[in-house]
Structures are given as structure tokens and as C-alpha cells.
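K.L.:
Compact mmCIF, C-alpha atoms, file data-v4.txt:
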```
# COMPACT_ATOMS: atom_id res chain seq x y z
CA MET J 20 16.00 16.50 -5.79
CA LYS J 21 18.31 19.53 -5.98
CA PHE J 22 16.28 22.47 -4.65
CA CYS J 23 13.76 23.05 -1.86
CA SER J 24 10.22 22.99 -3.29
CA GLU J 25 9.12 25.47 -0.60
CA CYS J 26 11.83 28.18 -0.86
CA ALA J 27 14.04 27.23 -3.89
CA HIS J 28 17.23 27.08 -1.79
CA PRO J 29 19.59 24.16 -2.65
CA VAL J 30 18.88 21.08 -0.51
CA GLU J 31 21.50 18.97 1.26
CA LEU J 32 21.42 15.22 1.88
CA MET J 33 21.83 14.77 5.66
CA VAL J 34 20.46 12.84 8.62
CA PRO J 35 18.11 15.24 10.45
CA ALA J 36 18.26 15.47 14.27
CA GLY J 37 16.27 12.63 15.84
CA ASP J 38 16.24 10.69 12.56
CA ASN J 39 18.39 7.77 11.40
CA ARG J 40 18.27 8.10 7.60
CA PRO J 41 19.63 10.65 5.13
CA ARG J 42 16.93 13.03 3.85
CA TYR J 43 16.95 16.01 1.52
CA VAL J 44 16.90 18.94 3.95
CA CYS J 45 16.62 22.67 3.26
CA VAL J 46 19.12 24.43 5.53
CA LYS J 47 17.38 27.77 4.88
CA CYS J 48 13.69 27.06 5.65
CA GLU J 49 14.42 23.76 7.49
CA THR J 50 11.89 21.72 5.49
CA ILE J 51 12.68 17.99 5.46
CA HIS J 52 11.71 16.45 2.12
CA TYR J 53 10.69 12.85 2.86
CA GLN J 54 10.54 10.37 -0.02
CA ASN J 55 8.35 7.30 0.34
CA PRO J 56 7.31 4.26 -1.71
CA LYS J 57 4.41 4.48 -4.17
CA MET J 58 1.50 2.15 -4.76
CA VAL J 59 0.75 0.64 -8.18
CA ILE J 60 -2.80 -0.71 -8.24
CA GLY J 61 -4.53 -2.86 -10.82
CA SER J 62 -7.06 -5.60 -11.46
CA ILE J 63 -7.39 -9.11 -12.90
CA PRO J 64 -10.41 -8.59 -15.22
CA VAL J 65 -12.09 -11.93 -15.88
CA TRP J 66 -14.68 -12.98 -18.48
CA GLU J 67 -16.24 -16.41 -17.86
CA ARG J 68 -18.82 -18.06 -20.12
CA ASP J 69 -19.79 -21.71 -20.71
CA GLY J 70 -17.09 -22.93 -18.34
CA GLU J 71 -14.31 -21.04 -20.15
CA LEU J 72 -12.40 -18.35 -18.26
CA LYS J 73 -10.39 -15.58 -19.91
CA VAL J 74 -8.27 -12.78 -18.44
CA LEU J 75 -7.93 -9.33 -20.02
CA LEU J 76 -4.36 -8.14 -20.64
CA CYS J 77 -3.04 -4.90 -22.13
CA ARG J 78 0.02 -4.55 -24.39
CA ARG J 79 2.02 -1.56 -23.18
CA ALA J 80 2.32 1.51 -25.43
CA ILE J 81 4.76 3.18 -23.01
CA GLU J 82 8.14 2.52 -21.41
CA PRO J 83 9.22 0.71 -19.39
CA ARG J 84 8.48 -2.59 -21.14
CA TYR J 85 6.93 -1.14 -24.31
CA GLY J 86 5.22 -3.93 -26.29
CA PHE J 87 5.00 -6.34 -23.34
CA TRP J 88 1.73 -7.55 -21.81
CA THR J 89 0.41 -6.45 -18.42
CA LEU J 90 -2.66 -6.51 -16.24
CA PRO J 91 -4.22 -3.02 -16.22
CA ALA J 92 -2.52 -1.10 -13.37
CA GLY J 93 -0.99 2.25 -12.53
CA PHE J 94 0.03 4.67 -9.80
CA MET J 95 -2.57 5.35 -7.12
CA GLU J 96 -3.55 9.03 -6.91
CA ASN J 97 -4.14 11.28 -3.92
CA ASN J 98 -7.79 11.45 -2.74
CA GLU J 99 -8.69 7.98 -3.98
CA THR J 100 -8.86 4.55 -2.37
CA THR J 101 -7.00 1.45 -3.53
CA SER J 102 -10.22 -0.02 -4.97
CA ALA J 103 -11.08 3.24 -6.77
CA ALA J 104 -7.56 3.24 -8.24
CA ALA J 105 -8.02 -0.33 -9.54
CA ILE J 106 -11.32 0.57 -11.23
CA ARG J 107 -9.90 3.81 -12.71
CA GLU J 108 -6.73 2.20 -14.08
CA THR J 109 -8.73 -0.64 -15.64
CA GLU J 110 -10.98 1.90 -17.36
CA GLU J 111 -8.06 4.11 -18.46
CA GLU J 112 -5.79 1.39 -19.83
CA ALA J 113 -8.29 -1.18 -21.11
CA GLY J 114 -11.50 0.86 -21.51
CA ALA J 115 -13.10 -1.90 -19.44
CA ASN J 116 -16.03 -1.76 -17.02
CA ILE J 117 -15.47 -4.09 -14.09
CA GLU J 118 -17.24 -5.32 -11.00
CA LEU J 119 -14.43 -5.20 -8.43
CA GLY J 120 -13.83 -8.14 -6.10
CA ASN J 121 -11.43 -8.61 -3.19
CA LEU J 122 -7.81 -7.55 -3.00
CA PHE J 123 -5.91 -10.60 -4.30
CA THR J 124 -2.15 -9.85 -4.23
CA LEU J 125 0.17 -7.38 -2.52
CA LEU J 126 3.73 -7.54 -3.85
CA ASN J 127 6.69 -5.51 -2.61
CA VAL J 128 9.22 -4.28 -5.18
CA ALA J 129 11.52 -2.54 -2.71
CA GLN J 130 14.32 -1.77 -5.22
CA VAL J 131 12.06 0.61 -7.13
CA HIS J 132 10.21 1.87 -4.03
CA GLN J 133 6.87 0.37 -5.08
CA VAL J 134 4.12 -1.82 -3.65
CA HIS J 135 1.91 -3.46 -6.30
CA MET J 136 -1.64 -4.59 -5.53
CA PHE J 137 -4.11 -6.44 -7.76
CA TYR J 138 -7.85 -6.89 -7.21
CA LEU J 139 -10.05 -9.69 -8.47
CA ALA J 140 -12.51 -8.32 -11.03
CA THR J 141 -15.30 -9.42 -13.38
CA LEU J 142 -15.85 -7.76 -16.77
CA ARG J 143 -19.39 -6.36 -17.01
CA ASP J 144 -19.33 -6.57 -20.83
CA LEU J 145 -16.97 -6.98 -23.79
CA ASN J 146 -16.87 -3.27 -24.67
CA PHE J 147 -13.17 -2.85 -23.90
CA ALA J 148 -10.67 -0.92 -26.01
CA PRO J 149 -7.04 0.18 -25.61
CA GLY J 150 -6.46 3.48 -23.78
CA GLU J 151 -3.61 5.88 -24.56
CA GLU J 152 -1.06 3.76 -22.68
CA SER J 153 -2.00 0.47 -24.41
CA LEU J 154 -1.29 -0.80 -27.95
CA GLU J 155 -4.03 -3.45 -27.70
CA VAL J 156 -6.15 -5.27 -25.14
CA GLN J 157 -7.07 -8.91 -25.50
CA LEU J 158 -8.71 -11.79 -23.61
CA PHE J 159 -6.52 -14.84 -22.91
CA THR J 160 -7.37 -18.32 -21.66
CA GLU J 161 -4.82 -19.78 -19.23
CA ALA J 162 -3.24 -21.75 -22.10
CA GLU J 163 -2.96 -18.57 -24.20
CA ILE J 164 -1.28 -16.33 -21.57
CA PRO J 165 1.96 -14.97 -23.13
CA TRP J 166 4.09 -15.91 -20.10
CA ASP J 167 7.37 -14.97 -21.81
CA GLU J 168 6.06 -11.60 -22.92
CA LEU J 169 4.70 -10.33 -19.59
CA ALA J 170 5.96 -6.90 -18.56
CA PHE J 171 6.64 -7.33 -14.84
CA PRO J 172 7.26 -10.11 -12.29
CA THR J 173 4.34 -8.78 -10.21
CA VAL J 174 1.98 -9.40 -13.15
CA HIS J 175 3.54 -12.83 -13.81
CA ASN J 176 3.26 -13.92 -10.19
CA THR J 177 -0.25 -12.52 -9.73
CA LEU J 178 -1.42 -14.56 -12.73
CA GLU J 179 0.34 -17.65 -11.31
CA PHE J 180 -1.41 -17.17 -7.95
CA PHE J 181 -4.69 -16.64 -9.78
CA PHE J 182 -4.60 -19.83 -11.85
CA ALA J 183 -3.28 -21.86 -8.90
CA ASP J 184 -6.24 -20.67 -6.80
CA ARG J 185 -8.62 -21.46 -9.68
CA ALA J 186 -7.22 -25.00 -9.89
CA ARG J 187 -7.71 -25.46 -6.13
CA MET J 188 -11.25 -24.04 -6.37
CA ARG J 189 -12.32 -26.95 -8.59
CA ALA J 190 -11.99 -29.06 -5.39
CA GLY J 191 -13.93 -26.46 -3.36
CA GLY J 192 -12.51 -23.44 -1.54
CA SER J 193 -12.17 -19.84 -2.60
CA TYR J 194 -9.61 -17.26 -3.69
CA GLY J 195 -6.89 -16.48 -1.16
CA PHE J 196 -4.98 -13.27 -0.48
CA HIS J 197 -1.31 -13.48 -1.42
CA THR J 198 1.68 -11.38 -0.39
CA GLN J 199 5.18 -11.65 -1.82
CA ASP J 200 8.48 -9.78 -1.97
CA ILE J 201 9.95 -9.43 -5.46
CA ASN J 202 13.71 -9.02 -5.75
CA ARG J 203 13.81 -8.06 -9.41
CA PRO J 204 11.58 -5.28 -10.82
CA MET J 205 11.83 -6.23 -14.53
CA ARG J 206 11.60 -9.54 -16.38
CA SER J 207 14.22 -10.49 -18.91
CA PRO J 208 12.96 -10.84 -22.52
CA THR J 209 12.94 -14.63 -22.09
CA GLY J 210 10.85 -14.37 -18.96
CA THR J 211 13.49 -15.89 -16.68
CA MET B 19 4.94 22.90 -3.48
CA LYS B 20 6.06 26.29 -4.82
CA PHE B 21 9.33 25.67 -6.69
CA CYS B 22 10.72 22.97 -8.99
CA SER B 23 12.97 20.65 -7.00
CA GLU B 24 15.09 20.07 -10.13
CA CYS B 25 15.71 23.64 -11.33
CA ALA B 26 14.25 25.99 -8.64
CA HIS B 27 11.89 27.71 -11.13
CA PRO B 28 8.36 28.45 -9.74
CA VAL B 29 5.94 25.60 -10.49
CA GLU B 30 2.41 25.99 -11.87
CA LEU B 31 -0.64 23.87 -11.10
CA MET B 32 -1.93 22.63 -14.48
CA VAL B 33 -3.23 19.56 -16.26
CA PRO B 34 -0.30 18.22 -18.35
CA ALA B 35 -0.90 17.12 -21.96
CA GLY B 36 -2.33 13.59 -22.03
CA ASP B 37 -3.24 13.76 -18.34
CA ASN B 38 -6.59 14.44 -16.66
CA ARG B 39 -5.53 15.85 -13.27
CA PRO B 40 -3.84 19.05 -12.14
CA ARG B 41 -0.14 18.54 -11.31
CA TYR B 42 2.65 20.83 -10.21
CA VAL B 43 4.55 21.40 -13.46
CA CYS B 44 7.79 23.26 -14.10
CA VAL B 45 7.32 25.31 -17.26
CA LYS B 46 11.11 25.82 -17.50
CA CYS B 47 12.54 22.28 -17.28
CA GLU B 48 9.14 20.56 -17.94
CA THR B 49 9.38 18.26 -14.91
CA ILE B 50 5.95 17.05 -13.72
CA HIS B 51 5.91 16.68 -9.92
CA TYR B 52 3.50 13.84 -9.16
CA GLN B 53 2.17 13.51 -5.61
CA ASN B 54 0.91 10.12 -4.44
CA PRO B 55 -0.51 8.50 -1.29
CA LYS B 56 1.81 7.19 1.41
CA MET B 57 1.74 3.94 3.32
CA VAL B 58 1.61 3.81 7.13
CA ILE B 59 2.60 0.33 8.32
CA GLY B 60 2.38 -1.20 11.78
CA SER B 61 1.77 -4.34 13.81
CA ILE B 62 -0.55 -5.83 16.43
CA PRO B 63 2.04 -7.16 18.92
CA VAL B 64 0.47 -9.90 21.04
CA TRP B 65 1.63 -11.58 24.28
CA GLU B 66 -0.32 -14.72 25.18
CA ARG B 67 0.28 -16.81 28.32
CA ASP B 68 -1.94 -19.17 30.34
CA GLY B 69 -4.91 -18.46 28.08
CA GLU B 70 -4.69 -14.68 28.57
CA LEU B 71 -4.00 -12.49 25.52
CA LYS B 72 -2.65 -8.94 25.70
CA VAL B 73 -1.93 -6.39 22.96
CA LEU B 74 0.92 -3.86 23.12
CA LEU B 75 -0.09 -0.22 22.62
CA CYS B 76 2.01 2.97 22.58
CA ARG B 77 0.94 6.36 23.97
CA ARG B 78 1.94 9.00 21.43
CA ALA B 79 4.62 11.54 22.35
CA ILE B 80 4.09 13.46 19.10
CA GLU B 81 1.34 15.25 17.23
CA PRO B 82 -1.12 14.52 15.81
CA ARG B 83 -2.99 12.92 18.71
CA TYR B 84 -0.34 13.51 21.40
CA GLY B 85 -1.20 11.46 24.51
CA PHE B 86 -3.54 9.06 22.69
CA TRP B 87 -2.91 5.32 22.33
CA THR B 88 -1.91 3.64 19.08
CA LEU B 89 -0.60 0.41 17.68
CA PRO B 90 3.08 0.88 16.72
CA ALA B 91 3.08 2.18 13.12
CA GLY B 92 4.71 4.75 10.87
CA PHE B 93 5.53 5.79 7.33
CA MET B 94 7.05 3.11 5.12
CA GLU B 95 10.52 4.07 3.83
CA ASN B 96 12.09 3.66 0.40
CA ASN B 97 14.12 0.46 -0.06
CA GLU B 98 12.11 -1.55 2.46
CA THR B 99 9.18 -3.97 2.22
CA THR B 100 5.86 -3.60 4.04
CA SER B 101 6.81 -6.38 6.47
CA ALA B 102 10.24 -4.82 7.14
CA ALA B 103 8.48 -1.50 7.83
CA ALA B 104 6.16 -3.17 10.36
CA ILE B 105 9.10 -4.75 12.21
CA ARG B 106 11.13 -1.50 12.17
CA GLU B 107 8.28 0.70 13.40
CA THR B 108 7.46 -1.73 16.21
CA GLU B 109 11.10 -1.67 17.29
CA GLU B 110 11.39 2.13 16.99
CA GLU B 111 8.16 3.07 18.78
CA ALA B 112 7.82 0.27 21.32
CA GLY B 113 11.35 -1.15 21.58
CA ALA B 114 9.69 -4.50 20.94
CA ASN B 115 11.04 -7.61 19.22
CA ILE B 116 8.33 -9.35 17.26
CA GLU B 117 7.79 -12.44 15.18
CA LEU B 118 5.78 -11.06 12.25
CA GLY B 119 2.65 -12.86 11.05
CA ASN B 120 0.36 -12.21 8.09
CA LEU B 121 -0.93 -8.88 6.87
CA PHE B 122 -4.21 -8.42 8.78
CA THR B 123 -5.79 -5.09 7.75
CA LEU B 124 -5.50 -2.63 4.87
CA LEU B 125 -7.42 0.60 5.48
CA ASN B 126 -7.76 3.51 3.08
CA VAL B 127 -7.75 7.04 4.52
CA ALA B 128 -8.17 8.86 1.22
CA GLN B 129 -8.69 12.35 2.72
CA VAL B 130 -5.15 12.40 4.06
CA HIS B 131 -3.67 10.45 1.12
CA GLN B 132 -2.72 7.43 3.23
CA VAL B 133 -3.14 3.66 3.21
CA HIS B 134 -2.67 2.03 6.63
CA MET B 135 -1.66 -1.62 6.99
CA PHE B 136 -1.29 -3.70 10.15
CA TYR B 137 0.41 -7.10 10.48
CA LEU B 138 -0.30 -9.80 13.05
CA ALA B 139 2.69 -10.16 15.39
CA THR B 140 3.85 -12.08 18.45
CA LEU B 141 6.13 -10.51 21.07
CA ARG B 142 9.33 -12.55 21.47
CA ASP B 143 9.86 -11.27 25.03
CA LEU B 144 8.71 -8.55 27.45
CA ASN B 145 11.76 -6.33 26.93
CA PHE B 146 9.82 -3.45 25.39
CA ALA B 147 10.30 0.23 26.18
CA PRO B 148 9.01 3.52 24.75
CA GLY B 149 10.95 4.95 21.81
CA GLU B 150 11.36 8.68 21.12
CA GLU B 151 7.86 9.00 19.67
CA SER B 152 6.12 7.23 22.59
CA LEU B 153 5.36 8.42 26.16
CA GLU B 154 4.80 4.86 27.38
CA VAL B 155 4.08 1.37 26.07
CA GLN B 156 1.79 -1.05 27.85
CA LEU B 157 0.08 -4.43 27.43
CA PHE B 158 -3.73 -4.45 27.46
CA THR B 159 -6.25 -7.28 27.69
CA GLU B 160 -9.34 -6.83 25.51
CA ALA B 161 -11.27 -5.53 28.56
CA GLU B 162 -8.52 -3.00 29.29
CA ILE B 163 -8.19 -1.48 25.77
CA PRO B 164 -8.70 2.31 26.12
CA TRP B 165 -11.24 2.47 23.28
CA ASP B 166 -12.07 6.14 23.89
CA GLU B 167 -8.42 7.16 23.95
CA LEU B 168 -7.26 5.55 20.73
CA ALA B 169 -5.44 7.87 18.34
CA PHE B 170 -6.88 6.88 14.96
CA PRO B 171 -9.92 5.09 13.49
CA THR B 172 -7.57 2.71 11.65
CA VAL B 173 -6.15 1.57 15.01
CA HIS B 174 -9.66 1.33 16.53
CA ASN B 175 -11.03 -0.70 13.65
CA THR B 176 -7.98 -2.96 13.37
CA LEU B 177 -8.36 -3.84 17.07
CA GLU B 178 -12.10 -4.47 16.53
CA PHE B 179 -11.34 -6.80 13.60
CA PHE B 180 -8.67 -8.50 15.71
CA PHE B 181 -10.88 -9.27 18.73
CA ALA B 182 -13.80 -10.27 16.47
CA ASP B 183 -11.55 -12.79 14.69
CA ARG B 184 -10.26 -14.05 18.06
CA ALA B 185 -13.85 -14.61 19.23
CA ARG B 186 -14.64 -16.54 16.04
CA MET B 187 -11.43 -18.56 16.39
CA ARG B 188 -12.71 -20.08 19.67
CA ALA B 189 -15.15 -21.97 17.42
CA GLY B 190 -12.35 -22.96 15.00
CA GLY B 191 -11.12 -20.99 12.01
CA SER B 192 -8.25 -18.56 11.65
CA TYR B 193 -7.46 -14.87 11.26
CA GLY B 194 -8.91 -13.21 8.16
CA PHE B 195 -7.58 -10.34 6.04
CA HIS B 196 -9.70 -7.20 6.29
CA THR B 197 -9.94 -4.14 4.05
CA GLN B 198 -11.92 -1.00 4.80
CA ASP B 199 -12.30 2.60 3.67
CA ILE B 200 -12.21 5.17 6.48
CA ASN B 201 -14.01 8.46 5.89
CA ARG B 202 -12.63 10.32 8.88
CA PRO B 203 -8.89 10.39 9.59
CA MET B 204 -9.08 11.40 13.29
CA ARG B 205 -11.21 10.25 16.21
CA SER B 206 -12.97 12.78 18.39
CA PRO B 207 -11.84 12.88 22.06
CA THR B 208 -14.91 10.83 22.98
CA GLY B 209 -14.06 8.20 20.40
CA THR B 210 -17.20 8.75 18.32
```
Represent the structure from my file as C-alpha cells, please.
P.N.:
Amino acid sequence: MKFCSECAHPVELMVPAGDNRPRYVCVKCETIHYQNPKMVIGSIPVWERDGELKVLLCRRAIEPRYGFWTLPAGFMENNETTSAAAIRETEEEAGANIELGNLFTLLNVAQVHQVHMFYLATLRDLNFAPGEESLEVQLFTEAEIPWDELAFPTVHNTLEFFFADRARMRAGGSYGFHTQDINRPMRSPTGT
Amino acid sequence: MKFCSECAHPVELMVPAGDNRPRYVCVKCETIHYQNPKMVIGSIPVWERDGELKVLLCRRAIEPRYGFWTLPAGFMENNETTSAAAIRETEEEAGANIELGNLFTLLNVAQVHQVHMFYLATLRDLNFAPGEESLEVQLFTEAEIPWDELAFPTVHNTLEFFFADRARMRAGGSYGFHTQDINRPMRSPTGT
């Protein structure tokens, strides 16, 4: 940020009176330009038939992490709810119609000023297709998940939580809600 | 937003190529200025002794809702996690030291582009005091909660979820995690 978006005067980085953090401040019109974290919302779209469960992943057609696999997710927009964002992103990136379940994970990625959230979801049908931001979309069993080619730690860890809960559910119980702080926004190519 | 914060040229509201929503776009330097919802994070600070439970509320010294009671909460900052934001806001607004528990509620207030989250919390001591944004801070039993003088529906509903879970916990069980969409950002003076 270099100029005031209200009056076009150059902004200065300073701690406003009564505040304790540096902000971009316009010394002409006195607007304080706060900057806050953003929410990235997605879903875990599941297709289950004859005792076999598969999860829908998208291969990214955009940077960052072009060519890597992700759960459908994207930035939440103004005037929508977190659940509406999950449904919209799943439709936009995977062309998929889902029945949305509960919020399943909330993961902080403080270094990039983001909070990622993923909802449980059930595919209504198999009429999915890649959107503009996806190279391909594909169903994976747990054994087929491309763990070393996942785009982000939040996707990796959400899938880990998901399959761990599924394993526990075989002995009764239900899905939990999981929160976690991630200290590294990107995965290395080897997934470590 | 009237001017580009990168080059000071006037912005125009238009749907960028490949997008489906109007954005503020700079036609000179081509920056797209996305606007996204913000997170408001707080806590439910509890003091429990001899079987009596009290919750710490703050009376607001700022607009909106000057003079009304709220749980300590505020806008999440860049470079912090949701739990760090809850601890910081509780310290800033109520001067209170808390042991943070689990995330308890996540409430969408889409009309004002906000997502509110409240964490369970236990007061470490009774050394609390109003911060700059609070007129006073006070402990309330369930019977004493000023339901008609609460600042926001998200605070009202979080307290309702909290006492409902407490009632259920007398018959065993534990706190849940609650999500809700709020269609009205402010409460009327009569609380309806």
C-alpha cells in the first residue's frame, strides 16, 4: 500500500494514537487503512458406494502450487457465509454439487495472514468437471491419495484428520472438529 | 475505495476478466483490489468457585453499541492465530489473564462481512480491569447476565449456547462446537 484509497495522498506507516501496531495512515484525510487476515474456505467432497469411500481432489491450474492436488477451496467473499463459500468454491473449482456437512477443520496459517476452513461434504452425483482454476478433478480412495503431491499443509492435515476420524468411526463415534496452527504455508515437493 | 492504493489512479468498479463479481480495479496499473470478510475473535472468560460460575463481560466505551455489554472480542490482526487474537483481545479489553480452551462458536454475520468466533476460557485470577475500549468489566452469574443490554446477537447467542451446554453437562457430556448464521448484526435496545 502506497497511496490512500480515499484521497490518493501517499500513506505513511505509523502507530496511530491509541493503537499499538503500525498501520498505513493517510496524514491528509486521516484514514487508517487496517489490514486483516483472510479466510480460505473449502470442502472435503466424499463419494461412498458399496463400502468404498473416495474423496474428490482438484489439480491446480494456477499458482501457487500449479500442478499440485488440493481440496476445492478459495477466498471467502463479502456478503456470503462460510458454508456458502464452501459450496461456491466446490462448484467453481470442481464443478461438483455437494450436500454440505459440518465444519471439520480450522487451520491458522499466520505467516500468510490466512485462516483455512474445510467442511465435510457429500457429492450428490458424479457430474463433476474441472473449473477454470483446475487442470483436472479426480476421486481418490485413501490408498490412492497423492500425499507427496498435495498443494498445501492445510489440505494434507485436513485429509489426515479425515481418515483418522473415519478409522475411529469404524469402532463407533462420529467426526470431530479439529483446529491447528500451521507454521509453514507451502509443502516442499517431497511433501516433507 | 476511490483510488488505487498502488498508483493513486482512480479505481473503477467492474467485473475483471475470468471473474464473476464486481471488484475495484485500477485501469492504469491493472491491480484488482479484492475485499474480503474480517474475523472478530473473542473469549468467554469464566471464574468458577464453590460450585458458582461467573462470566466476565465488558461494557463498551466505543461505538457501535456504546454502553452495551459484550464478551471481550475484536478484529484479528495479521501475523497472529485465532487463539492468539482471543487472548490478546481479552487482555486489551478486560485486562484479564486467561487460560484458553477450545473454539466454542463460529457465527457468520454476512451483512457486515464478518465472522465472529469465541473461545472457551478460564480466568487465571481476578486481576481484571477495563481497557481503553471498555467502561467497566464485571463478573455475572447466569441469572445476572444483562440479556437485554448485550451489544451483539453473536454475544447473546454464544452465551445462550454456553449456558445450554453447561446445563447439559450436569448430566454428563462436554462442551460442543456451535456454528450459526446471524441475519441481523445489531440487537435492538430491547434485545429483540
K.L.:
Quick one: residues within 10 Å of Glu95 in chain B, all atoms listed in the file counted, chain neighbours fewer than 6 positions away excluded, as a list in words?
P.N.:
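Those residues are Arg40, Tyr53, Gln54, Asn55, Pro56, Ala129 and His132 of chain J; Lys56, Met57, Val58, Ile59, Ala102 and Ala103 of chain B.
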K.L.:
Tell me the residues of chain B close to chain J, meaning within 6 Å using all atoms listed in the file, as a CSV table (one decimal) with C-alpha atoms, keeping the file's coordinate frame.
P.N.:
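Saved the output as selection27.csv:
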```csv
chain,number,residue,atom,x,y,z
B,19,MET,CA,4.9,22.9,-3.5
B,20,LYS,CA,6.1,26.3,-4.8
B,21,PHE,CA,9.3,25.7,-6.7
B,22,CYS,CA,10.7,23.0,-9.0
B,23,SER,CA,13.0,20.6,-7.0
B,24,GLU,CA,15.1,20.1,-10.1
B,26,ALA,CA,14.2,26.0,-8.6
B,54,ASN,CA,0.9,10.1,-4.4
B,55,PRO,CA,-0.5,8.5,-1.3
B,95,GLU,CA,10.5,4.1,3.8
B,96,ASN,CA,12.1,3.7,0.4
B,97,ASN,CA,14.1,0.5,-0.1
B,98,GLU,CA,12.1,-1.6,2.5
B,99,THR,CA,9.2,-4.0,2.2
B,126,ASN,CA,-7.8,3.5,3.1
B,128,ALA,CA,-8.2,8.9,1.2
B,129,GLN,CA,-8.7,12.4,2.7
B,131,HIS,CA,-3.7,10.4,1.1
```
K.L.:
Name the residues in contact with Phe182 in chain J at a cut-off of 8 Å, using all atoms listed in the file, excluding same-chain residues fewer than 4 positions from it; report them as a VMD selection string.
P.N.:
chain J and resid 161 178 186
K.L.:
Do you know which residues are at most 9 Å from Trp66 in chain J counting all atoms listed in the file, after dropping those on the same chain fewer than 2 positions away, and could you put them as a ChimeraX atom specification?
P.N.:
/J:64,68,71-75,141-145,158
K.L.:
Which residue gives the smallest distance to Phe159 in chain J among J:Thr89, J:Asn116, J:Thr124, J:Thr173, with only C-alpha atoms counted?
P.N.:
J:Thr89
K.L.:
Measuring atom to atom with all atoms listed in the file, identify which of B:Glu66, B:Cys47, B:Gly149, B:Arg83 is nearest to Glu107 in chain B.
P.N.:
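Comparing B:Glu66, B:Cys47, B:Gly149, B:Arg83 against Glu107 in chain B, the winner is B:Gly149.
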K.L.:
Rank nothing, just name the residue among B:Asn145, B:Ile50, B:Ser61, B:Asp68 nearest to Thr108 in chain B, using all atoms listed in the file.
P.N.:
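Checking each candidate against Thr108 in chain B, we get B:Ser61 as the closest.
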K.L.:
Would you mind listing what lies within 6 Å of Tyr43 in chain J as a JSON list (two decimals) with C-alpha atoms, in the coordinates of the input, with only C-alpha atoms counted and same-chain residues fewer than 6 positions away left out?
P.N.:
```
[["chain", "number", "residue", "atom", "x", "y", "z"],
["J", 30, "VAL", "CA", 18.88, 21.08, -0.51],
["J", 31, "GLU", "CA", 21.50, 18.97, 1.26],
["J", 32, "LEU", "CA", 21.42, 15.22, 1.88],
["J", 52, "HIS", "CA", 11.71, 16.45, 2.12]]
```
K.L.:
What gap, in Å, lies between CA of Met205 in chain J and CA of Val174 in chain J?
P.N.:
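Value for the CA of Met205 in chain J-CA of Val174 in chain J distance: 10.4 Å.
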K.L.:
To one decimal in Å, tell me the separation between CA of Pro149 in chain J and CA of Asp184 in chain J.
P.N.:
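Computed distance, CA of Pro149 in chain J to CA of Asp184 in chain J, equals 28.1 Å.
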K.L.:
I'd like the interatomic distance between CA of Tyr138 in chain J and CA of Ala105 in chain J, to a tenth of an Å.
P.N.:
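Calculated distance between CA of Tyr138 in chain J and CA of Ala105 in chain J is 7.0 Å.
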K.L.:
Pick out the closest residue to Glu155 in chain J from this set: J:Cys45, J:Cys77, J:Ala140, J:Ile106. Count all atoms listed in the file.
P.N.:
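Once distances to Glu155 in chain J are computed over all atoms listed in the file, the minimum belongs to J:Cys77.
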K.L.:
I want to know what sits within 12 Å of Leu75 in chain B, based on all atoms listed in the file, with residues of the same chain fewer than 4 positions away left out; could you give that as an mmCIF file with C-alpha atoms, in the frame of the given file?
P.N.:
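Writing the result to part.cif gives the following:
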```
data_model
loop_
_atom_site.group_PDB
_atom_site.id
_atom_site.type_symbol
_atom_site.label_atom_id
_atom_site.label_comp_id
_atom_site.auth_asym_id
_atom_site.auth_seq_id
_atom_site.Cartn_x
_atom_site.Cartn_y
_atom_site.Cartn_z
ATOM 1 C CA GLY B 60 2.380 -1.200 11.780
ATOM 2 C CA SER B 61 1.770 -4.340 13.810
ATOM 3 C CA ILE B 62 -0.550 -5.830 16.430
ATOM 4 C CA PRO B 63 2.040 -7.160 18.920
ATOM 5 C CA VAL B 64 0.470 -9.900 21.040
ATOM 6 C CA TRP B 65 1.630 -11.580 24.280
ATOM 7 C CA GLY B 85 -1.200 11.460 24.510
ATOM 8 C CA PHE B 86 -3.540 9.060 22.690
ATOM 9 C CA TRP B 87 -2.910 5.320 22.330
ATOM 10 C CA THR B 88 -1.910 3.640 19.080
ATOM 11 C CA LEU B 89 -0.600 0.410 17.680
ATOM 12 C CA PRO B 90 3.080 0.880 16.720
ATOM 13 C CA ALA B 91 3.080 2.180 13.120
ATOM 14 C CA THR B 108 7.460 -1.730 16.210
ATOM 15 C CA GLU B 111 8.160 3.070 18.780
ATOM 16 C CA ALA B 112 7.820 0.270 21.320
ATOM 17 C CA GLY B 113 11.350 -1.150 21.580
ATOM 18 C CA ALA B 114 9.690 -4.500 20.940
ATOM 19 C CA PHE B 146 9.820 -3.450 25.390
ATOM 20 C CA ALA B 147 10.300 0.230 26.180
ATOM 21 C CA PRO B 148 9.010 3.520 24.750
ATOM 22 C CA SER B 152 6.120 7.230 22.590
ATOM 23 C CA LEU B 153 5.360 8.420 26.160
ATOM 24 C CA GLU B 154 4.800 4.860 27.380
ATOM 25 C CA VAL B 155 4.080 1.370 26.070
ATOM 26 C CA GLN B 156 1.790 -1.050 27.850
ATOM 27 C CA LEU B 157 0.080 -4.430 27.430
ATOM 28 C CA PHE B 158 -3.730 -4.450 27.460
ATOM 29 C CA THR B 159 -6.250 -7.280 27.690
ATOM 30 C CA GLU B 160 -9.340 -6.830 25.510
ATOM 31 C CA GLU B 162 -8.520 -3.000 29.290
ATOM 32 C CA ILE B 163 -8.190 -1.480 25.770
ATOM 33 C CA PRO B 164 -8.700 2.310 26.120
ATOM 34 C CA TRP B 165 -11.240 2.470 23.280
ATOM 35 C CA GLU B 167 -8.420 7.160 23.950
ATOM 36 C CA LEU B 168 -7.260 5.550 20.730
ATOM 37 C CA ALA B 169 -5.440 7.870 18.340
ATOM 38 C CA VAL B 173 -6.150 1.570 15.010
ATOM 39 C CA HIS B 174 -9.660 1.330 16.530
ATOM 40 C CA LEU B 177 -8.360 -3.840 17.070
#
```
